[in-house]
Structure formats: structure tokens, C-alpha cells
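Asks: Below is the file upload-v8.cif, with mmCIF, C-alpha atoms.
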data_run
loop_
_atom_site.label_atom_id
_atom_site.label_comp_id
_atom_site.auth_asym_id
_atom_site.auth_seq_id
_atom_site.Cartn_x
_atom_site.Cartn_y
_atom_site.Cartn_z
CA GLU C 1 0.00 0.00 0.00
CA PRO C 2 1.34 3.47 -0.84
CA GLU C 3 2.63 5.52 2.04
CA VAL C 4 2.56 9.21 2.83
CA THR C 5 5.26 10.18 5.33
CA GLN C 6 5.42 13.23 7.55
CA THR C 7 8.05 14.90 9.71
CA PRO C 8 8.37 15.84 12.48
CA SER C 9 5.98 13.61 14.39
CA HIS C 10 5.81 16.16 17.18
CA GLN C 11 7.02 19.73 17.45
CA VAL C 12 6.82 22.07 20.38
CA THR C 13 7.29 25.75 19.70
CA GLN C 14 6.86 29.12 21.33
CA MET C 15 4.08 31.44 20.22
CA GLY C 16 5.25 33.71 17.44
CA GLN C 17 7.85 31.27 16.10
CA GLU C 18 7.88 29.91 12.57
CA VAL C 19 7.18 26.23 12.03
CA ILE C 20 7.74 24.08 8.96
CA LEU C 21 6.03 20.72 8.62
CA ARG C 22 7.15 18.34 5.90
CA CYS C 23 5.46 15.63 3.88
CA VAL C 24 6.60 13.12 1.31
CA PRO C 25 3.57 12.27 -0.81
CA ILE C 26 2.81 9.25 -2.95
CA SER C 27 5.09 9.73 -5.89
CA ASN C 28 3.87 11.19 -9.17
CA HIS C 29 0.51 12.28 -7.82
CA LEU C 30 -0.62 15.73 -8.81
CA TYR C 31 -3.16 16.28 -6.04
CA PHE C 32 -2.04 16.92 -2.49
CA TYR C 33 -3.86 18.04 0.63
CA TRP C 34 -3.19 19.44 4.08
CA TYR C 35 -5.76 18.88 6.83
CA ARG C 36 -5.78 19.94 10.44
CA GLN C 37 -7.35 18.33 13.51
CA ILE C 38 -7.56 20.18 16.79
CA LEU C 39 -7.58 17.72 19.69
CA GLY C 40 -11.00 16.12 20.05
CA GLN C 41 -12.44 17.81 16.98
CA LYS C 42 -13.07 16.93 13.37
CA VAL C 43 -10.60 16.78 10.52
CA GLU C 44 -10.64 20.17 8.77
CA PHE C 45 -9.54 20.98 5.24
CA LEU C 46 -6.74 23.52 5.01
CA VAL C 47 -5.51 23.59 1.43
CA SER C 48 -5.34 21.55 -1.74
CA PHE C 49 -2.43 21.64 -4.16
CA TYR C 50 -2.73 20.57 -7.76
CA ASN C 51 0.03 20.45 -10.30
CA ASN C 52 2.30 22.68 -8.22
CA GLU C 53 -0.29 25.34 -7.49
CA ILE C 54 -2.77 25.96 -4.71
CA SER C 55 -6.12 24.72 -5.94
CA GLU C 56 -8.31 25.73 -3.04
CA LYS C 57 -7.82 26.98 0.49
CA SER C 58 -10.13 27.25 3.48
CA GLU C 59 -10.74 30.29 5.64
CA ILE C 60 -8.36 28.77 8.18
CA PHE C 61 -5.52 29.05 5.66
CA ASP C 62 -4.80 32.72 6.18
CA ASP C 63 -1.70 34.77 5.39
CA GLN C 64 0.22 33.05 8.17
CA PHE C 65 0.13 29.78 6.24
CA SER C 66 1.97 28.83 3.07
CA VAL C 67 2.53 25.64 1.12
CA GLU C 68 5.57 24.95 -1.00
CA ARG C 69 7.16 22.20 -2.98
CA PRO C 70 10.79 23.20 -2.57
CA ASP C 71 12.45 20.31 -4.38
CA GLY C 72 9.73 19.14 -6.74
CA SER C 73 8.73 16.15 -4.64
CA ASN C 74 8.36 16.97 -0.94
CA PHE C 75 5.77 19.40 0.37
CA THR C 76 6.06 21.82 3.25
CA LEU C 77 3.44 23.62 5.30
CA LYS C 78 4.82 26.75 6.89
CA ILE C 79 3.19 28.71 9.68
CA ARG C 80 4.99 32.04 9.90
CA SER C 81 4.04 33.23 13.36
CA THR C 82 2.37 30.51 15.39
CA LYS C 83 -0.54 31.19 17.70
CA LEU C 84 -1.82 29.09 20.58
CA GLU C 85 -4.82 28.06 18.48
CA ASP C 86 -2.52 26.56 15.85
CA SER C 87 -1.89 23.67 18.24
CA ALA C 88 -3.26 20.64 16.40
CA MET C 89 -2.42 17.54 14.39
CA TYR C 90 -1.56 18.39 10.81
CA PHE C 91 -2.11 15.68 8.25
CA CYS C 92 -1.02 15.62 4.64
CA ALA C 93 -2.90 13.37 2.25
CA ASN C 94 -2.84 12.02 -1.30
CA PRO C 95 -5.60 10.34 -3.23
CA ARG C 96 -5.03 6.74 -4.31
CA GLN C 97 -5.87 7.85 -7.81
CA GLU C 98 -6.12 11.35 -9.17
CA HIS C 99 -9.55 13.00 -8.97
CA THR C 100 -10.84 10.46 -6.46
CA GLY C 101 -11.66 11.01 -2.84
CA GLU C 102 -9.90 7.96 -1.45
CA LEU C 103 -7.29 9.85 0.54
CA PHE C 104 -4.29 8.26 2.21
CA PHE C 105 -3.28 10.24 5.25
CA GLY C 106 0.20 10.57 6.64
CA GLU C 107 0.87 9.75 10.29
CA GLY C 108 0.49 13.42 11.13
CA SER C 109 2.62 16.07 12.79
CA ARG C 110 1.53 17.15 16.23
CA LEU C 111 2.18 20.84 16.77
CA THR C 112 2.12 22.23 20.29
CA VAL C 113 2.34 26.01 20.63
CA LEU C 114 3.21 27.28 24.10
CA GLY R 115 -19.52 24.56 0.02
CA GLU R 116 -20.24 21.07 1.26
CA ASN R 117 -21.56 20.60 4.79
CA VAL R 118 -21.57 17.19 6.46
CA GLU R 119 -23.57 16.52 9.61
CA GLN R 120 -22.92 13.41 11.68
CA HIS R 121 -24.92 11.80 14.49
CA PRO R 122 -24.63 10.73 17.20
CA SER R 123 -21.52 12.35 18.64
CA THR R 124 -21.11 9.49 21.11
CA LEU R 125 -22.40 5.94 21.00
CA SER R 126 -22.00 3.25 23.61
CA VAL R 127 -22.98 -0.35 22.88
CA GLN R 128 -22.52 -3.76 24.43
CA GLU R 129 -20.17 -6.19 22.76
CA GLY R 130 -22.06 -8.13 20.12
CA ASP R 131 -24.67 -5.44 19.53
CA SER R 132 -24.94 -3.39 16.35
CA ALA R 133 -23.91 0.23 15.95
CA VAL R 134 -25.30 2.71 13.44
CA ILE R 135 -23.85 6.12 12.62
CA LYS R 136 -25.67 8.52 10.32
CA CYS R 137 -24.52 11.40 8.15
CA THR R 138 -26.15 13.92 5.87
CA TYR R 139 -24.52 16.07 3.22
CA SER R 140 -25.58 19.20 1.42
CA ASP R 141 -23.88 19.18 -1.99
CA SER R 142 -25.93 17.12 -4.44
CA ALA R 143 -22.84 16.90 -6.68
CA SER R 144 -20.93 14.87 -4.06
CA ASN R 145 -20.30 11.40 -5.42
CA TYR R 146 -18.01 9.56 -3.03
CA PHE R 147 -18.58 8.87 0.66
CA PRO R 148 -15.80 7.27 2.72
CA TRP R 149 -15.79 6.32 6.37
CA TYR R 150 -12.67 6.65 8.46
CA LYS R 151 -11.78 5.07 11.78
CA GLN R 152 -9.41 6.98 14.03
CA GLU R 153 -7.84 5.50 17.11
CA LEU R 154 -6.45 7.78 19.78
CA GLY R 155 -3.35 9.61 18.57
CA LYS R 156 -3.43 7.93 15.17
CA ARG R 157 -4.29 9.04 11.66
CA PRO R 158 -7.71 8.46 10.08
CA GLN R 159 -7.84 5.07 8.37
CA LEU R 160 -10.29 4.35 5.56
CA ILE R 161 -12.51 1.41 6.50
CA ILE R 162 -15.21 1.44 3.84
CA ASP R 163 -16.54 3.72 1.15
CA ILE R 164 -19.43 4.01 -1.26
CA ARG R 165 -19.89 5.77 -4.56
CA SER R 166 -23.03 7.53 -5.67
CA ASN R 167 -24.00 4.87 -8.20
CA VAL R 168 -24.38 2.26 -5.45
CA GLY R 169 -26.98 2.05 -2.68
CA GLU R 170 -25.27 -0.34 -0.32
CA LYS R 171 -21.87 -1.92 0.22
CA LYS R 172 -20.79 -4.53 2.73
CA ASP R 173 -17.44 -5.73 3.97
CA GLN R 174 -17.69 -8.46 6.60
CA ARG R 175 -19.17 -6.80 9.72
CA ILE R 176 -19.25 -3.32 8.23
CA ALA R 177 -21.81 -1.97 5.79
CA VAL R 178 -22.61 1.43 4.38
CA THR R 179 -25.86 2.60 2.82
CA LEU R 180 -26.48 5.68 0.69
CA ASN R 181 -29.71 7.47 -0.08
CA LYS R 182 -28.89 10.05 -2.74
CA THR R 183 -32.38 11.48 -2.85
CA ALA R 184 -32.36 12.26 0.84
CA LYS R 185 -28.62 13.04 0.83
CA HIS R 186 -27.78 10.79 3.71
CA PHE R 187 -25.54 7.80 4.28
CA SER R 188 -25.00 5.48 7.22
CA LEU R 189 -22.39 3.15 8.67
CA HIS R 190 -23.55 -0.12 10.18
CA ILE R 191 -21.28 -2.27 12.34
CA THR R 192 -22.66 -5.65 13.39
CA GLU R 193 -21.41 -7.95 16.14
CA THR R 194 -19.34 -5.17 17.65
CA GLN R 195 -16.09 -6.01 19.40
CA PRO R 196 -14.04 -3.97 21.90
CA GLU R 197 -11.45 -3.29 19.19
CA ASP R 198 -14.14 -1.43 17.23
CA SER R 199 -13.94 1.30 19.88
CA ALA R 200 -12.65 4.44 18.18
CA VAL R 201 -13.80 7.71 16.62
CA TYR R 202 -15.54 7.25 13.28
CA PHE R 203 -15.74 10.02 10.70
CA CYS R 204 -17.93 10.20 7.66
CA ALA R 205 -16.89 12.37 4.73
CA ALA R 206 -18.16 13.53 1.38
CA TRP R 207 -16.15 14.18 -1.78
CA GLY R 208 -17.60 17.01 -3.77
CA SER R 209 -17.23 18.70 -7.10
CA ASN R 210 -14.44 20.86 -5.66
CA TYR R 211 -12.16 17.82 -5.28
CA LYS R 212 -11.88 17.89 -1.52
CA LEU R 213 -13.13 15.74 1.34
CA THR R 214 -15.38 17.38 3.88
CA PHE R 215 -15.62 15.53 7.18
CA GLY R 216 -18.35 15.17 9.75
CA LYS R 217 -17.64 15.95 13.39
CA GLY R 218 -17.05 12.35 14.33
CA THR R 219 -18.70 9.71 16.52
CA LEU R 220 -16.94 8.27 19.55
CA LEU R 221 -17.95 4.61 19.61
CA THR R 222 -17.38 2.69 22.82
CA VAL R 223 -17.93 -1.05 22.82
CA ASN R 224 -18.31 -2.37 26.35
CA PRO R 225 -17.15 -5.96 26.97
#
Written as C-alpha cells, that's how I'd like the structure from this file.
Replies:
Amino acid sequence: EPEVTQTPSHQVTQMGQEVILRCVPISNHLYFYWYRQILGQKVEFLVSFYNNEISEKSEIFDDQFSVERPDGSNFTLKIRSTKLEDSAMYFCANPRQEHTGELFFGEGSRLTVL
Amino acid sequence: GENVEQHPSTLSVQEGDSAVIKCTYSDSASNYFPWYKQELGKRPQLIIDIRSNVGEKKDQRIAVTLNKTAKHFSLHITETQPEDSAVYFCAAWGSNYKLTFGKGTLLTVNP
């Protein structure tokens, strides 16, 4: 089964600091997603990335967030100035096949903002 | 955009009983409805899904039904076991190529 891998598994940071979360998607897939899950709550859509461009972003994905593909394969989610309410699990995901909803989620990166 | 409602938020059953979780969606263009199981501290794992051209799908003790007219779908777990205890999320895949999740159901199976 294909695997989506994320690093770090857990990061603790001070409020106001920049954080970069990384994801290695299923290779050669054009669609890519970031989701967020605050502890005890539902999985929320952050942003979708298609063919190296942002396809759609939610209202959560404000100017403090950015997504990049720095080396053509890995993806990063950057939060420029973290807030307490950014504390959550961040999942990246790929569909099994393009244009389908069967998403494979990475193990997640737990972000704790103090 | 799509809105997915899920009920109940918590469900407690005795081992061996059945469990039913229900979801409704708003976007009539949604055509794929997966269910995810999430254990504490883990990622969501796909357990079963259904596409809009099918009314029912079964996989051993798990089944999902879809009523497109009413825009609702349900997860049925029969002969529940303690290892079924987890949070279950329904989701809908819409015309905007993203999954929208329900708020989740905490299922507790008591031995």
C-alpha cells in the first residue's frame, strides 16, 4: 500500500515562532492536501495543491500559512508566526488515484504552541 | 460549500450489539462517501466507502448505505467487538475535489 510520510511527528514551539512541517507524498501524484485536527475535533480541510499550485484553500488558511514544494517532490506547510490556536495535528494526504476522494493520510505532525 | 452533519456524537454499545452512525450532506454533486476510523493519537484510516452509483456496500461486519435522494448515508457495524472502539468520521467528496468531514462519533464497545 502506498505511504505518505510526515516529519516531524511532534514539534513544540513558542508562540510567534515559525514552524515548517514536511510531507513526502505518494510519488507522481498531482493532487495533495493538508488537513488539520484540533484535539478532540473533526478533521478540517486547510488547502489543496494541484500540479504545483494551490487549488483551493479554506478560511483557516490565512496569510500566516503557506505551502511549498521546494524540491519538486516533498511538500512543506509553513506557519509564519504561530498562535496558541494553531496547536493541532496536521495531516497531509494524497488520493489513491487522481480526482478520487480515497485519501491516504500521513501519520500526522503534532504541533504544540506554548 | 459542502456541509456534512454526523450523528450521534457518542455511541456506547454492548459487545455483540450493532452500531449505526448517520450522516447527511448538502452538496448534491458529491459522489463519493468514505468512512474513516481513528484511534487515539493515530491518523484516520479508511474502513469502507461508497460511490453515488451504489446504494449499499458490505465488507464483513461493516456496511454502508447511501440514499442520494435524501442526501444521507449510514455506517452499520454488526457484532461489535471492543477493538471497534474508536472515533468514526464520515466524509463527502464534492465537485471541488476535496473531502469534507463530519464531526465524528466516539464509539465505545463495552465488553
Asks: Using all atoms listed in the file and a distance of at most 6 Å, pull out the residues of chain R that contact chain C, as JSON, numbers by chain.
Replies: {"R": [157, 207, 217]}
Asks: Name the residues that the PyMOL selection byres ((chain R and resi 200) around 6) pulls out of this structure, and write them as a PyMOL selection string.
Replies: chain R and resi 152-153+199+201+220-221
Asks: Could you dump the residues just selected with C-alpha atoms as an mmCIF file, in the coordinates of the input?
Replies:
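Saved as out_8.cif:
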data_model
loop_
_atom_site.group_PDB
_atom_site.id
_atom_site.type_symbol
_atom_site.label_atom_id
_atom_site.label_comp_id
_atom_site.auth_asym_id
_atom_site.auth_seq_id
_atom_site.Cartn_x
_atom_site.Cartn_y
_atom_site.Cartn_z
ATOM 1 C CA GLN R 152 -9.410 6.980 14.030
ATOM 2 C CA GLU R 153 -7.840 5.500 17.110
ATOM 3 C CA SER R 199 -13.940 1.300 19.880
ATOM 4 C CA VAL R 201 -13.800 7.710 16.620
ATOM 5 C CA LEU R 220 -16.940 8.270 19.550
ATOM 6 C CA LEU R 221 -17.950 4.610 19.610
#
Asks: Assuming 8 Å of padding per side, give the centre and edge lengths of the axis-aligned box around every listed atom of range 156-167 of chain R, in Å to one decimal and as JSON.
Replies:
{"center_x": -13.7, "center_y": 5.2, "center_z": 3.5, "size_x": 36.6, "size_y": 23.6, "size_z": 39.4}
Asks: If the PyMOL selection byres ((chain C and resi 23) around 8) were run on this exact file, what residues would it hold? Put them as a list in words.
Replies: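 On the file shown, the PyMOL selection byres ((chain C and resi 23) around 8) covers Val4, Thr5, Gln6, Thr7, Leu21, Arg22, Val24, Pro25, Asn74, Phe75, Thr76, Cys92 and Gly106 of chain C.
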Asks: Kindly give the distance, in Å, that separates CA of Asn117 in chain R and CA of Leu84 in chain C, rounded to a single decimal.
Replies: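 Computing it gives 26.7 Å between the two atoms.
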Asks: To one decimal in Å, tell me the separation between CA of Gln97 in chain C and CA of Ala205 in chain R.
Replies: 17.3 Å
Asks: Could you state the separation of CA of His29 in chain C and CA of Asn94 in chain C in Å, given to one decimal place?
Replies: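 Between these atoms lies a distance of 7.3 Å.
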Asks: Near Ser188 in chain R, counting all atoms listed in the file, which residues have an atom at most 10 Å away, once you skip same-chain residues fewer than 5 positions from it, shown as a list of chain:residue names?
Replies: R:Gln120, R:His121, R:Val134, R:Ile135, R:Lys136, R:Cys137, R:Thr138, R:Phe147, R:Trp149, R:Glu170, R:Ala177, R:Val178, R:Thr179, R:Leu180, R:Asn181, R:Cys204
Asks: Okay, now the selection with C-alpha atoms, as a PDB file, in the frame of the given file?
Replies:
ATOM      1  CA  GLN R 120     -22.920  13.410  11.680  1.00  0.00           C
ATOM      2  CA  HIS R 121     -24.920  11.800  14.490  1.00  0.00           C
ATOM      3  CA  VAL R 134     -25.300   2.710  13.440  1.00  0.00           C
ATOM      4  CA  ILE R 135     -23.850   6.120  12.620  1.00  0.00           C
ATOM      5  CA  LYS R 136     -25.670   8.520  10.320  1.00  0.00           C
ATOM      6  CA  CYS R 137     -24.520  11.400   8.150  1.00  0.00           C
ATOM      7  CA  THR R 138     -26.150  13.920   5.870  1.00  0.00           C
ATOM      8  CA  PHE R 147     -18.580   8.870   0.660  1.00  0.00           C
ATOM      9  CA  TRP R 149     -15.790   6.320   6.370  1.00  0.00           C
ATOM     10  CA  GLU R 170     -25.270  -0.340  -0.320  1.00  0.00           C
ATOM     11  CA  ALA R 177     -21.810  -1.970   5.790  1.00  0.00           C
ATOM     12  CA  VAL R 178     -22.610   1.430   4.380  1.00  0.00           C
ATOM     13  CA  THR R 179     -25.860   2.600   2.820  1.00  0.00           C
ATOM     14  CA  LEU R 180     -26.480   5.680   0.690  1.00  0.00           C
ATOM     15  CA  ASN R 181     -29.710   7.470  -0.080  1.00  0.00           C
ATOM     16  CA  CYS R 204     -17.930  10.200   7.660  1.00  0.00           C
TER      17      CYS R 204
END
